[in-house]
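As stored in final_17.cif (mmCIF, C-alpha atoms):
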```
data_start
loop_
_atom_site.label_atom_id
_atom_site.label_comp_id
_atom_site.auth_asym_id
_atom_site.auth_seq_id
_atom_site.Cartn_x
_atom_site.Cartn_y
_atom_site.Cartn_z
CA MET K 1 24.76 84.28 -99.24
CA ASN K 2 27.05 87.22 -99.95
CA PHE K 3 30.16 87.95 -97.95
CA LYS K 4 28.47 90.72 -95.92
CA ARG K 5 25.79 88.35 -94.68
CA TRP K 6 28.55 85.81 -94.00
CA HIS K 7 30.00 88.41 -91.63
CA ASP K 8 26.69 89.41 -90.08
CA THR K 9 25.80 85.81 -89.16
CA GLY K 10 29.27 84.99 -87.79
CA GLN K 11 30.87 85.21 -84.35
CA PHE K 12 34.15 86.35 -82.80
CA PHE K 13 36.35 84.88 -80.10
CA ASP K 14 39.50 86.22 -78.47
CA PHE K 15 42.87 84.67 -79.24
CA HIS K 16 45.74 86.34 -77.36
CA GLY K 17 44.00 89.70 -77.61
CA HIS K 18 43.05 89.31 -81.28
CA ALA K 19 39.44 89.07 -82.45
CA ILE K 20 39.00 85.94 -84.57
CA PHE K 21 35.95 85.73 -86.82
CA HIS K 22 34.30 82.37 -87.41
CA GLN K 23 31.15 80.99 -88.95
CA ARG K 24 29.58 78.30 -86.81
CA HIS K 25 26.65 75.94 -87.28
CA GLY K 26 25.30 73.79 -84.48
CA SER K 27 26.93 72.54 -81.30
CA ASP K 28 28.38 69.10 -80.68
CA ALA K 29 31.52 67.49 -79.25
CA THR K 30 32.35 66.26 -82.76
CA ALA K 31 32.80 68.94 -85.41
CA LEU K 32 34.04 69.66 -88.91
CA LEU K 33 36.70 72.38 -88.92
CA VAL K 34 36.95 74.13 -92.29
CA LEU K 35 40.18 76.05 -92.95
CA HIS K 36 40.87 78.42 -95.85
CA GLY K 37 43.95 79.41 -97.86
CA TYR K 38 46.10 82.45 -98.64
CA PRO K 39 45.14 85.23 -99.25
CA THR K 40 41.39 84.67 -98.92
CA ALA K 41 39.08 83.62 -96.06
CA SER K 42 36.39 81.25 -94.78
CA TRP K 43 33.89 82.71 -97.25
CA ASP K 44 35.67 80.57 -99.90
CA PHE K 45 33.49 77.70 -98.64
CA VAL K 46 30.13 79.44 -98.91
CA HIS K 47 29.00 77.17 -101.79
CA LEU K 48 29.70 74.06 -99.68
CA TRP K 49 28.31 75.45 -96.45
CA PRO K 50 24.65 74.27 -96.63
CA ALA K 51 25.66 70.71 -97.52
CA LEU K 52 28.36 70.58 -94.83
CA CYS K 53 25.86 71.79 -92.25
CA SER K 54 23.42 69.09 -93.36
CA ARG K 55 26.03 66.36 -92.88
CA PHE K 56 27.61 67.52 -89.61
CA ALA K 57 25.87 68.58 -86.41
CA HIS K 58 28.66 71.09 -85.78
CA VAL K 59 30.67 72.99 -88.42
CA ILE K 60 33.22 75.73 -87.71
CA ALA K 61 34.95 77.90 -90.33
CA PRO K 62 37.30 80.60 -88.99
CA ASP K 63 39.12 83.41 -90.69
CA LEU K 64 42.67 82.76 -89.52
CA LEU K 65 44.72 85.53 -87.94
CA GLY K 66 45.54 88.10 -90.63
CA PHE K 67 42.73 87.05 -92.97
CA GLY K 68 39.16 88.01 -93.80
CA TYR K 69 37.23 89.54 -90.92
CA SER K 70 39.73 88.51 -88.23
CA ALA K 71 42.31 90.82 -86.68
CA LYS K 72 45.19 91.76 -88.98
CA PRO K 73 47.98 93.17 -86.81
CA ARG K 74 50.67 94.89 -88.86
CA ALA K 75 54.25 93.64 -88.74
CA HIS K 76 53.08 90.60 -86.76
CA ASP K 77 55.32 87.53 -86.77
CA TYR K 78 52.70 85.29 -88.40
CA SER K 79 53.47 81.59 -88.30
CA LEU K 80 51.69 78.36 -89.11
CA MET K 81 52.48 77.11 -85.59
CA GLU K 82 50.55 80.06 -84.16
CA GLN K 83 47.65 79.35 -86.51
CA ALA K 84 47.60 75.74 -85.30
CA ASP K 85 47.49 77.06 -81.71
CA LEU K 86 44.58 79.30 -82.76
CA CYS K 87 42.68 76.31 -84.17
CA GLU K 88 43.16 74.32 -80.97
CA ALA K 89 41.98 77.32 -78.92
CA LEU K 90 38.91 77.71 -81.14
CA LEU K 91 38.03 74.02 -80.81
CA ALA K 92 38.30 74.27 -77.03
CA HIS K 93 36.21 77.47 -77.07
CA CYS K 94 33.50 75.62 -79.03
CA GLY K 95 33.60 72.51 -76.81
CA VAL K 96 34.93 70.21 -79.53
CA ILE K 97 36.63 66.95 -78.57
CA GLN K 98 36.73 65.11 -81.91
CA VAL K 99 37.35 66.94 -85.18
CA HIS K 100 37.19 66.31 -88.90
CA LEU K 101 39.30 68.64 -91.07
CA LEU K 102 38.58 70.14 -94.50
CA VAL K 103 41.54 72.31 -95.47
CA HIS K 104 42.78 74.32 -98.44
CA ASP K 105 46.11 75.83 -99.55
CA TYR K 106 47.81 77.63 -96.60
CA SER K 107 45.85 75.48 -94.17
CA VAL K 108 47.03 72.09 -95.43
CA SER K 109 50.16 72.80 -93.35
CA ILE K 110 48.06 73.61 -90.30
CA ALA K 111 46.38 70.23 -90.69
CA GLN K 112 49.79 68.56 -90.97
CA GLU K 113 50.90 70.23 -87.73
CA LEU K 114 47.69 69.14 -85.99
CA LEU K 115 48.31 65.57 -87.19
CA ALA K 116 51.86 65.77 -85.81
CA ARG K 117 50.53 66.95 -82.45
CA GLN K 118 48.03 64.11 -82.40
CA LEU K 119 50.84 61.61 -82.97
CA GLU K 120 52.84 63.15 -80.11
CA ARG K 121 50.19 63.65 -77.45
CA GLY K 122 46.91 62.18 -78.70
CA THR K 123 45.19 65.54 -79.17
CA PRO K 124 43.46 67.02 -81.02
CA GLN K 125 41.38 63.89 -81.69
CA ILE K 126 41.35 64.08 -85.49
CA GLN K 127 38.88 61.72 -87.16
CA SER K 128 39.55 62.51 -90.83
CA VAL K 129 41.27 64.99 -93.14
CA ILE K 130 40.33 66.15 -96.62
CA PHE K 131 42.97 68.24 -98.35
CA LEU K 132 42.18 70.56 -101.24
CA ASN K 133 44.98 72.08 -103.36
CA GLY K 134 47.92 73.09 -101.19
CA ALA K 135 51.68 72.69 -100.82
CA LEU K 136 51.94 69.58 -98.68
CA PHE K 137 55.54 69.23 -99.87
CA PRO K 138 57.58 72.45 -100.09
CA GLU K 139 59.79 71.11 -102.88
CA SER K 140 56.71 70.91 -105.11
CA HIS K 141 55.34 74.36 -104.33
CA ARG K 142 55.48 76.79 -107.27
CA ALA K 143 55.07 80.29 -105.90
CA THR K 144 53.34 82.85 -108.08
CA ALA K 145 55.20 85.93 -109.31
CA LEU K 146 53.12 88.05 -106.95
CA GLN K 147 54.04 85.87 -103.97
CA LYS K 148 57.71 86.12 -104.85
CA LEU K 149 57.46 89.90 -105.06
CA MET K 150 55.53 90.19 -101.79
CA LYS K 151 58.06 87.95 -100.04
CA SER K 152 61.02 89.99 -101.29
CA PRO K 153 62.45 93.01 -99.42
CA LEU K 154 60.15 95.11 -101.62
CA GLY K 155 57.07 93.35 -100.25
CA PRO K 156 56.10 95.88 -97.55
CA LEU K 157 56.47 98.74 -100.03
CA CYS K 158 54.44 96.89 -102.66
CA SER K 159 51.63 96.29 -100.18
CA PHE K 160 51.11 100.06 -99.90
CA MET K 161 50.55 100.27 -103.67
CA PHE K 162 48.62 97.00 -104.00
CA THR K 163 45.21 97.59 -105.62
CA GLU K 164 42.30 95.47 -106.78
CA ARG K 165 43.67 95.59 -110.33
CA HIS K 166 47.03 94.24 -109.16
CA PHE K 167 45.23 91.44 -107.33
CA ILE K 168 42.80 90.29 -110.01
CA ALA K 169 45.09 89.53 -112.97
CA PRO K 170 47.49 87.11 -111.18
CA PHE K 171 44.69 85.61 -109.08
CA LYS K 172 42.71 84.59 -112.16
CA ARG K 173 45.71 82.65 -113.49
CA ILE K 174 45.48 80.03 -110.75
CA PHE K 175 41.92 79.07 -111.73
CA GLY K 176 41.00 76.66 -114.50
CA ALA K 177 40.50 78.16 -117.95
CA ARG K 178 36.78 77.25 -117.93
CA SER K 179 36.12 77.75 -114.23
CA GLN K 180 37.13 81.38 -113.80
CA PRO K 181 35.66 83.42 -110.93
CA THR K 182 33.02 85.97 -111.86
CA PRO K 183 33.76 89.71 -111.62
CA ILE K 184 31.53 89.84 -108.53
CA GLU K 185 33.42 86.98 -106.87
CA LEU K 186 36.75 88.64 -107.65
CA HIS K 187 35.55 91.91 -106.16
CA ASP K 188 34.31 90.12 -103.05
CA PHE K 189 37.63 88.29 -102.62
CA TRP K 190 39.40 91.65 -102.82
CA GLN K 191 37.03 93.28 -100.34
CA LEU K 192 37.83 90.57 -97.78
CA ILE K 193 41.57 90.97 -98.34
CA ARG K 194 41.30 94.75 -98.13
CA HIS K 195 39.08 94.67 -95.02
CA ASN K 196 40.77 96.26 -92.01
CA ASP K 197 43.82 97.16 -94.17
CA GLY K 198 44.60 93.48 -94.63
CA HIS K 199 46.73 94.03 -97.72
CA PHE K 200 49.46 95.37 -95.42
CA ALA K 201 49.64 91.95 -93.72
CA LEU K 202 50.12 90.00 -96.97
CA PRO K 203 53.95 90.08 -97.01
CA HIS K 204 54.15 89.01 -93.35
CA LEU K 205 51.72 86.13 -93.85
CA LEU K 206 54.04 84.69 -96.51
CA HIS K 207 56.30 83.50 -93.70
CA TYR K 208 54.41 80.24 -94.18
CA ILE K 209 56.72 79.40 -97.11
CA ASP K 210 59.70 79.37 -94.74
CA ASP K 211 57.71 77.43 -92.13
CA ARG K 212 57.03 74.70 -94.65
CA ARG K 213 60.73 74.30 -95.37
CA GLN K 214 61.68 74.39 -91.69
CA TYR K 215 59.14 71.78 -90.61
CA ARG K 216 59.14 69.61 -93.73
CA ALA K 217 60.37 66.46 -91.96
CA ARG K 218 57.83 66.86 -89.16
CA TRP K 219 54.89 67.57 -91.44
CA VAL K 220 55.62 65.03 -94.17
CA GLY K 221 56.36 62.51 -91.43
CA ALA K 222 52.89 63.16 -89.98
CA LEU K 223 51.30 62.33 -93.35
CA GLN K 224 53.32 59.13 -93.57
CA SER K 225 52.73 57.99 -89.99
CA THR K 226 49.14 58.91 -89.22
CA ARG K 227 46.37 56.33 -89.32
CA VAL K 228 43.70 58.99 -89.78
CA PRO K 229 41.69 58.56 -93.03
CA MET K 230 42.81 61.19 -95.57
CA ARG K 231 41.85 62.20 -99.10
CA LEU K 232 43.39 64.75 -101.46
CA ILE K 233 40.94 66.43 -103.86
CA ASN K 234 43.10 68.18 -106.43
CA GLY K 235 42.46 70.65 -109.22
CA PRO K 236 45.22 69.57 -111.65
CA ASP K 237 45.20 72.79 -113.70
CA ASP K 238 46.50 74.75 -110.71
CA PRO K 239 50.01 76.08 -111.53
CA VAL K 240 50.85 76.39 -107.82
CA SER K 241 49.89 72.98 -106.38
CA GLY K 242 48.10 71.08 -109.11
CA ALA K 243 48.87 67.78 -110.85
CA HIS K 244 52.55 67.89 -109.88
CA MET K 245 51.63 68.15 -106.18
CA ALA K 246 49.14 65.29 -106.47
CA GLN K 247 51.84 63.13 -108.06
CA ARG K 248 54.23 63.88 -105.20
CA TYR K 249 51.46 62.95 -102.74
CA ARG K 250 51.08 59.57 -104.47
CA GLU K 251 54.82 59.01 -104.25
CA LEU K 252 55.22 59.84 -100.56
CA VAL K 253 51.95 59.00 -98.78
CA PRO K 254 51.16 55.31 -98.17
CA GLU K 255 47.92 54.12 -99.80
CA ALA K 256 47.33 57.62 -101.12
CA ASP K 257 43.68 58.48 -101.79
CA VAL K 258 43.75 61.11 -104.55
CA ILE K 259 40.87 62.53 -106.56
CA SER K 260 41.66 64.65 -109.62
CA LEU K 261 39.12 67.15 -110.99
CA PRO K 262 40.00 67.72 -114.68
CA GLY K 263 39.81 71.34 -115.81
CA ILE K 264 39.86 72.71 -112.27
CA GLY K 265 42.54 74.96 -110.78
CA HIS K 266 43.60 76.07 -107.31
CA TYR K 267 40.13 76.66 -105.77
CA PRO K 268 38.07 73.45 -106.23
CA GLN K 269 35.51 74.57 -103.63
CA VAL K 270 34.81 77.70 -105.69
CA GLU K 271 35.27 76.29 -109.20
CA ALA K 272 33.49 72.93 -108.82
CA PRO K 273 31.58 72.82 -105.51
CA ASP K 274 29.18 70.08 -106.63
CA ARG K 275 32.05 67.79 -107.64
CA VAL K 276 33.87 68.48 -104.38
CA LEU K 277 30.74 67.67 -102.38
CA ARG K 278 30.27 64.42 -104.28
CA HIS K 279 33.81 63.29 -103.45
CA LEU K 280 33.42 64.42 -99.83
CA ALA K 281 30.29 62.30 -99.48
CA ASP K 282 32.03 59.34 -101.11
CA PHE K 283 35.00 59.65 -98.72
CA TYR K 284 32.82 59.84 -95.62
CA ARG K 285 30.66 56.93 -96.81
CA ASN K 286 33.66 54.70 -97.61
CA ASN K 287 35.21 55.40 -94.21
CA ARG K 288 31.90 55.12 -92.31
CA LEU K 289 32.18 58.67 -91.08
CA PRO K 290 29.29 61.06 -90.20
CA ALA K 291 26.21 60.25 -92.26
#
```
Translate the structure described by the file into structure tokens.
Amino acid sequence: MNFKRWHDTGQFFDFHGHAIFHQRHGSDATALLVLHGYPTASWDFVHLWPALCSRFAHVIAPDLLGFGYSAKPRAHDYSLMEQADLCEALLAHCGVIQVHLLVHDYSVSIAQELLARQLERGTPQIQSVIFLNGALFPESHRATALQKLMKSPLGPLCSFMFTERHFIAPFKRIFGARSQPTPIELHDFWQLIRHNDGHFALPHLLHYIDDRRQYRARWVGALQSTRVPMRLINGPDDPVSGAHMAQRYRELVPEADVISLPGIGHYPQVEAPDRVLRHLADFYRNNRLPA
């Protein structure tokens, strides 16, 4: 399925006046919520989608606010707390009571906030979490040169001059040497970023780096206190959140369940979908989760 068909078979719901795109399979009170990273979108999971839909009766994959086919308001005060609110609103919209999470990059922090909310008030009713590469611990996050530039005072100006060529070269560096995206995939990633002038939102979305520092105690505490089954599937060749992040996870999370995928970088679901699916199935089987 190409990204245009992904759009054509998706749906929209309203979140505070913003149209939020989401792919959705099935309908059940228990669902798998699939959350993407920065700067891409739910289409990142297209290679996993058929298998996920075979395992779960209900699967939901949104484009978060500012990403993909969702609304991308300019100069918006984007925050991870707001994105967590969006996810709760989407689950309520879809009639979900119990949720499994599969999250990547930017969205690992959203999952941490949802875990913290569950500890505080019992909702959302999270049944499991699988993390893919992402900065669960801000002290271990290694921002790319492009992220640093976009986050600087020059960021808004740079976004006006940001082209596909500027995107491709640094983006390829976060993939494994032998698992590089194809030219078509790179073009499709860019088209989703560029959709609805989304490149102008990129500097504002980087507020998540500050959020991670501000809420570190809350979010790391959630990892350490939750009793929800969790697994980290990590591409160790990722310069942003690879082997060093997995090691920090082992140090800080009790009984850490970590899977390393040698040769894989920041996007395991794109670079090694079959291996990711195998470790997903193993995790669900070991924890007697949806068959």
Inset, instruction - One decimal, Å: what's the distance from CA of Ala116 (chain K) over to CA of Leu86 (chain K), could you say? - result: 15.7 Å
Any chance you could resolve the PyMOL selection byres ((chain K and resi 52-59) around 9) against this file and give the residues as an mmCIF file with C-alpha atoms, in the coordinates of the input?
```cif
data_model
loop_
_atom_site.group_PDB
_atom_site.id
_atom_site.type_symbol
_atom_site.label_atom_id
_atom_site.label_comp_id
_atom_site.auth_asym_id
_atom_site.auth_seq_id
_atom_site.Cartn_x
_atom_site.Cartn_y
_atom_site.Cartn_z
ATOM 1 C CA GLN K 23 31.150 80.990 -88.950
ATOM 2 C CA ARG K 24 29.580 78.300 -86.810
ATOM 3 C CA HIS K 25 26.650 75.940 -87.280
ATOM 4 C CA GLY K 26 25.300 73.790 -84.480
ATOM 5 C CA SER K 27 26.930 72.540 -81.300
ATOM 6 C CA ASP K 28 28.380 69.100 -80.680
ATOM 7 C CA ALA K 29 31.520 67.490 -79.250
ATOM 8 C CA THR K 30 32.350 66.260 -82.760
ATOM 9 C CA ALA K 31 32.800 68.940 -85.410
ATOM 10 C CA LEU K 32 34.040 69.660 -88.910
ATOM 11 C CA LEU K 33 36.700 72.380 -88.920
ATOM 12 C CA VAL K 34 36.950 74.130 -92.290
ATOM 13 C CA LEU K 48 29.700 74.060 -99.680
ATOM 14 C CA TRP K 49 28.310 75.450 -96.450
ATOM 15 C CA PRO K 50 24.650 74.270 -96.630
ATOM 16 C CA ALA K 51 25.660 70.710 -97.520
ATOM 17 C CA ILE K 60 33.220 75.730 -87.710
ATOM 18 C CA ALA K 61 34.950 77.900 -90.330
ATOM 19 C CA VAL K 96 34.930 70.210 -79.530
ATOM 20 C CA LEU K 277 30.740 67.670 -102.380
ATOM 21 C CA ALA K 281 30.290 62.300 -99.480
ATOM 22 C CA PRO K 290 29.290 61.060 -90.200
ATOM 23 C CA ALA K 291 26.210 60.250 -92.260
#
```
Please list as a short mmCIF file (atom, residue, chain, number, x, y, z; two decimals) with C-alpha atoms, in the coordinates of the input every residue within 9 Å of Phe189 (chain K), counting all atoms listed in the file and excluding residues in the same chain fewer than 2 positions away.
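Result written to part-v3.cif:
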```cif
data_model
loop_
_atom_site.label_atom_id
_atom_site.label_comp_id
_atom_site.auth_asym_id
_atom_site.auth_seq_id
_atom_site.Cartn_x
_atom_site.Cartn_y
_atom_site.Cartn_z
CA PHE K 3 30.16 87.95 -97.95
CA PRO K 39 45.14 85.23 -99.25
CA THR K 40 41.39 84.67 -98.92
CA ALA K 41 39.08 83.62 -96.06
CA TRP K 43 33.89 82.71 -97.25
CA ASP K 44 35.67 80.57 -99.90
CA GLY K 68 39.16 88.01 -93.80
CA ILE K 184 31.53 89.84 -108.53
CA GLU K 185 33.42 86.98 -106.87
CA LEU K 186 36.75 88.64 -107.65
CA HIS K 187 35.55 91.91 -106.16
CA GLN K 191 37.03 93.28 -100.34
CA LEU K 192 37.83 90.57 -97.78
CA ILE K 193 41.57 90.97 -98.34
CA ARG K 194 41.30 94.75 -98.13
#
```
Inset, instruction - Pick out the closest residue to Pro183 (chain K) from this set: K:Ile168, K:Pro236, K:Asn196, K:Tyr38. Count all atoms listed in the file. - result: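 Ranked by minimum distance to Pro183 (chain K), first place goes to K:Ile168.
Selection result for the displayed file, with the PyMOL selection byres ((chain K and resi 113) around 9) as criterion, is Leu80, Met81, Ala84, Val108, Ser109, Ile110, Ala111, Gln112, Leu114, Leu115, Ala116, Arg117, Gln118, Tyr215, Arg218, Trp219 and Ala222 of chain K.
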Inset, instruction - Write out as a ChimeraX atom specification the residues lying within 8 Å of region 240-257 of chain K, counting only C-alpha atoms and excluding same-chain residues fewer than 6 positions away. - result: /K:133-137,140-144,174,223-224,230-232,234,265-266
Inset, instruction - Please return, as an MDAnalysis selection string, all polymer residues that have at least one atom within 9 Å of the point (52.9, 92.2, -93.7); use only C-alpha atoms and the file's own coordinate frame. - result: chainID K and resid 66 73:78 150 155:156 159 198:206
Output file for the residues above (C-alpha atoms, as a PDB file, in the frame of the given file):
```pdb
ATOM      1  CA  GLY K  66      45.540  88.100 -90.630  1.00  0.00           C
ATOM      2  CA  PRO K  73      47.980  93.170 -86.810  1.00  0.00           C
ATOM      3  CA  ARG K  74      50.670  94.890 -88.860  1.00  0.00           C
ATOM      4  CA  ALA K  75      54.250  93.640 -88.740  1.00  0.00           C
ATOM      5  CA  HIS K  76      53.080  90.600 -86.760  1.00  0.00           C
ATOM      6  CA  ASP K  77      55.320  87.530 -86.770  1.00  0.00           C
ATOM      7  CA  TYR K  78      52.700  85.290 -88.400  1.00  0.00           C
ATOM      8  CA  MET K 150      55.530  90.190-101.790  1.00  0.00           C
ATOM      9  CA  GLY K 155      57.070  93.350-100.250  1.00  0.00           C
ATOM     10  CA  PRO K 156      56.100  95.880 -97.550  1.00  0.00           C
ATOM     11  CA  SER K 159      51.630  96.290-100.180  1.00  0.00           C
ATOM     12  CA  GLY K 198      44.600  93.480 -94.630  1.00  0.00           C
ATOM     13  CA  HIS K 199      46.730  94.030 -97.720  1.00  0.00           C
ATOM     14  CA  PHE K 200      49.460  95.370 -95.420  1.00  0.00           C
ATOM     15  CA  ALA K 201      49.640  91.950 -93.720  1.00  0.00           C
ATOM     16  CA  LEU K 202      50.120  90.000 -96.970  1.00  0.00           C
ATOM     17  CA  PRO K 203      53.950  90.080 -97.010  1.00  0.00           C
ATOM     18  CA  HIS K 204      54.150  89.010 -93.350  1.00  0.00           C
ATOM     19  CA  LEU K 205      51.720  86.130 -93.850  1.00  0.00           C
ATOM     20  CA  LEU K 206      54.040  84.690 -96.510  1.00  0.00           C
TER      21      LEU K 206
END
```
Legend entry - Atom-to-atom span, CA of Phe12 (chain K) and CA of Pro181 (chain K), Å: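 A separation of 28.3 Å between them.
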Inset, instruction - Kindly give the distance, in Å, that separates CA of Gln127 (chain K) and CA of Leu289 (chain K), rounded to a single decimal. - result: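 Pair CA of Gln127 (chain K) / CA of Leu289 (chain K) returns 8.3 Å.
Near Ser79 (chain K), within a cut-off of 8 Å and counting all atoms listed in the file, sit the residues Glu82, Gln83, Leu205, His207, Tyr208 and Asp211 of chain K, with same-chain residues fewer than 3 positions away left out.
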Inset, instruction - Find the residue from K:Tyr69, K:Phe167, K:Phe283, K:Phe21 that sits nearest to Ile259 (chain K); use only C-alpha atoms when measuring. - result: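 Using only C-alpha atoms, Ile259 (chain K) sits closest to K:Phe283.
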Legend entry - Top pick for closest residue to Arg165 (chain K), considering K:Tyr267, K:Trp190, K:Phe15, K:Phe45 and counting all atoms listed in the file: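 Between K:Tyr267, K:Trp190, K:Phe15, K:Phe45, the residue approaching Arg165 (chain K) most closely is K:Trp190.
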Legend entry - Nearest residue to Cys94 (chain K) from the set K:Arg216, K:Pro262, K:Phe131, K:Gln11 (distances using all atoms listed in the file): K:Gln11
Legend entry - Result set, the PyMOL selection byres ((chain K and resi 275) around 12) on current file, as a list in words: His47, Leu48, Ile233, Asn234, Gly235, Ile259, Ser260, Leu261, Pro262, Gly263, Ile264, Pro268, Gln269, Val270, Glu271, Ala272, Pro273, Asp274, Val276, Leu277, Arg278, His279, Leu280, Ala281 and Asp282 of chain K
Padding 8 Å on every side, please: axis-aligned box over the listed atoms of region 213-219 of chain K, centre and edge lengths to one decimal in Å, as JSON.
```
{"center_x": 58.3, "center_y": 70.4, "center_z": -92.3, "size_x": 22.8, "size_y": 23.9, "size_z": 22.2}
```
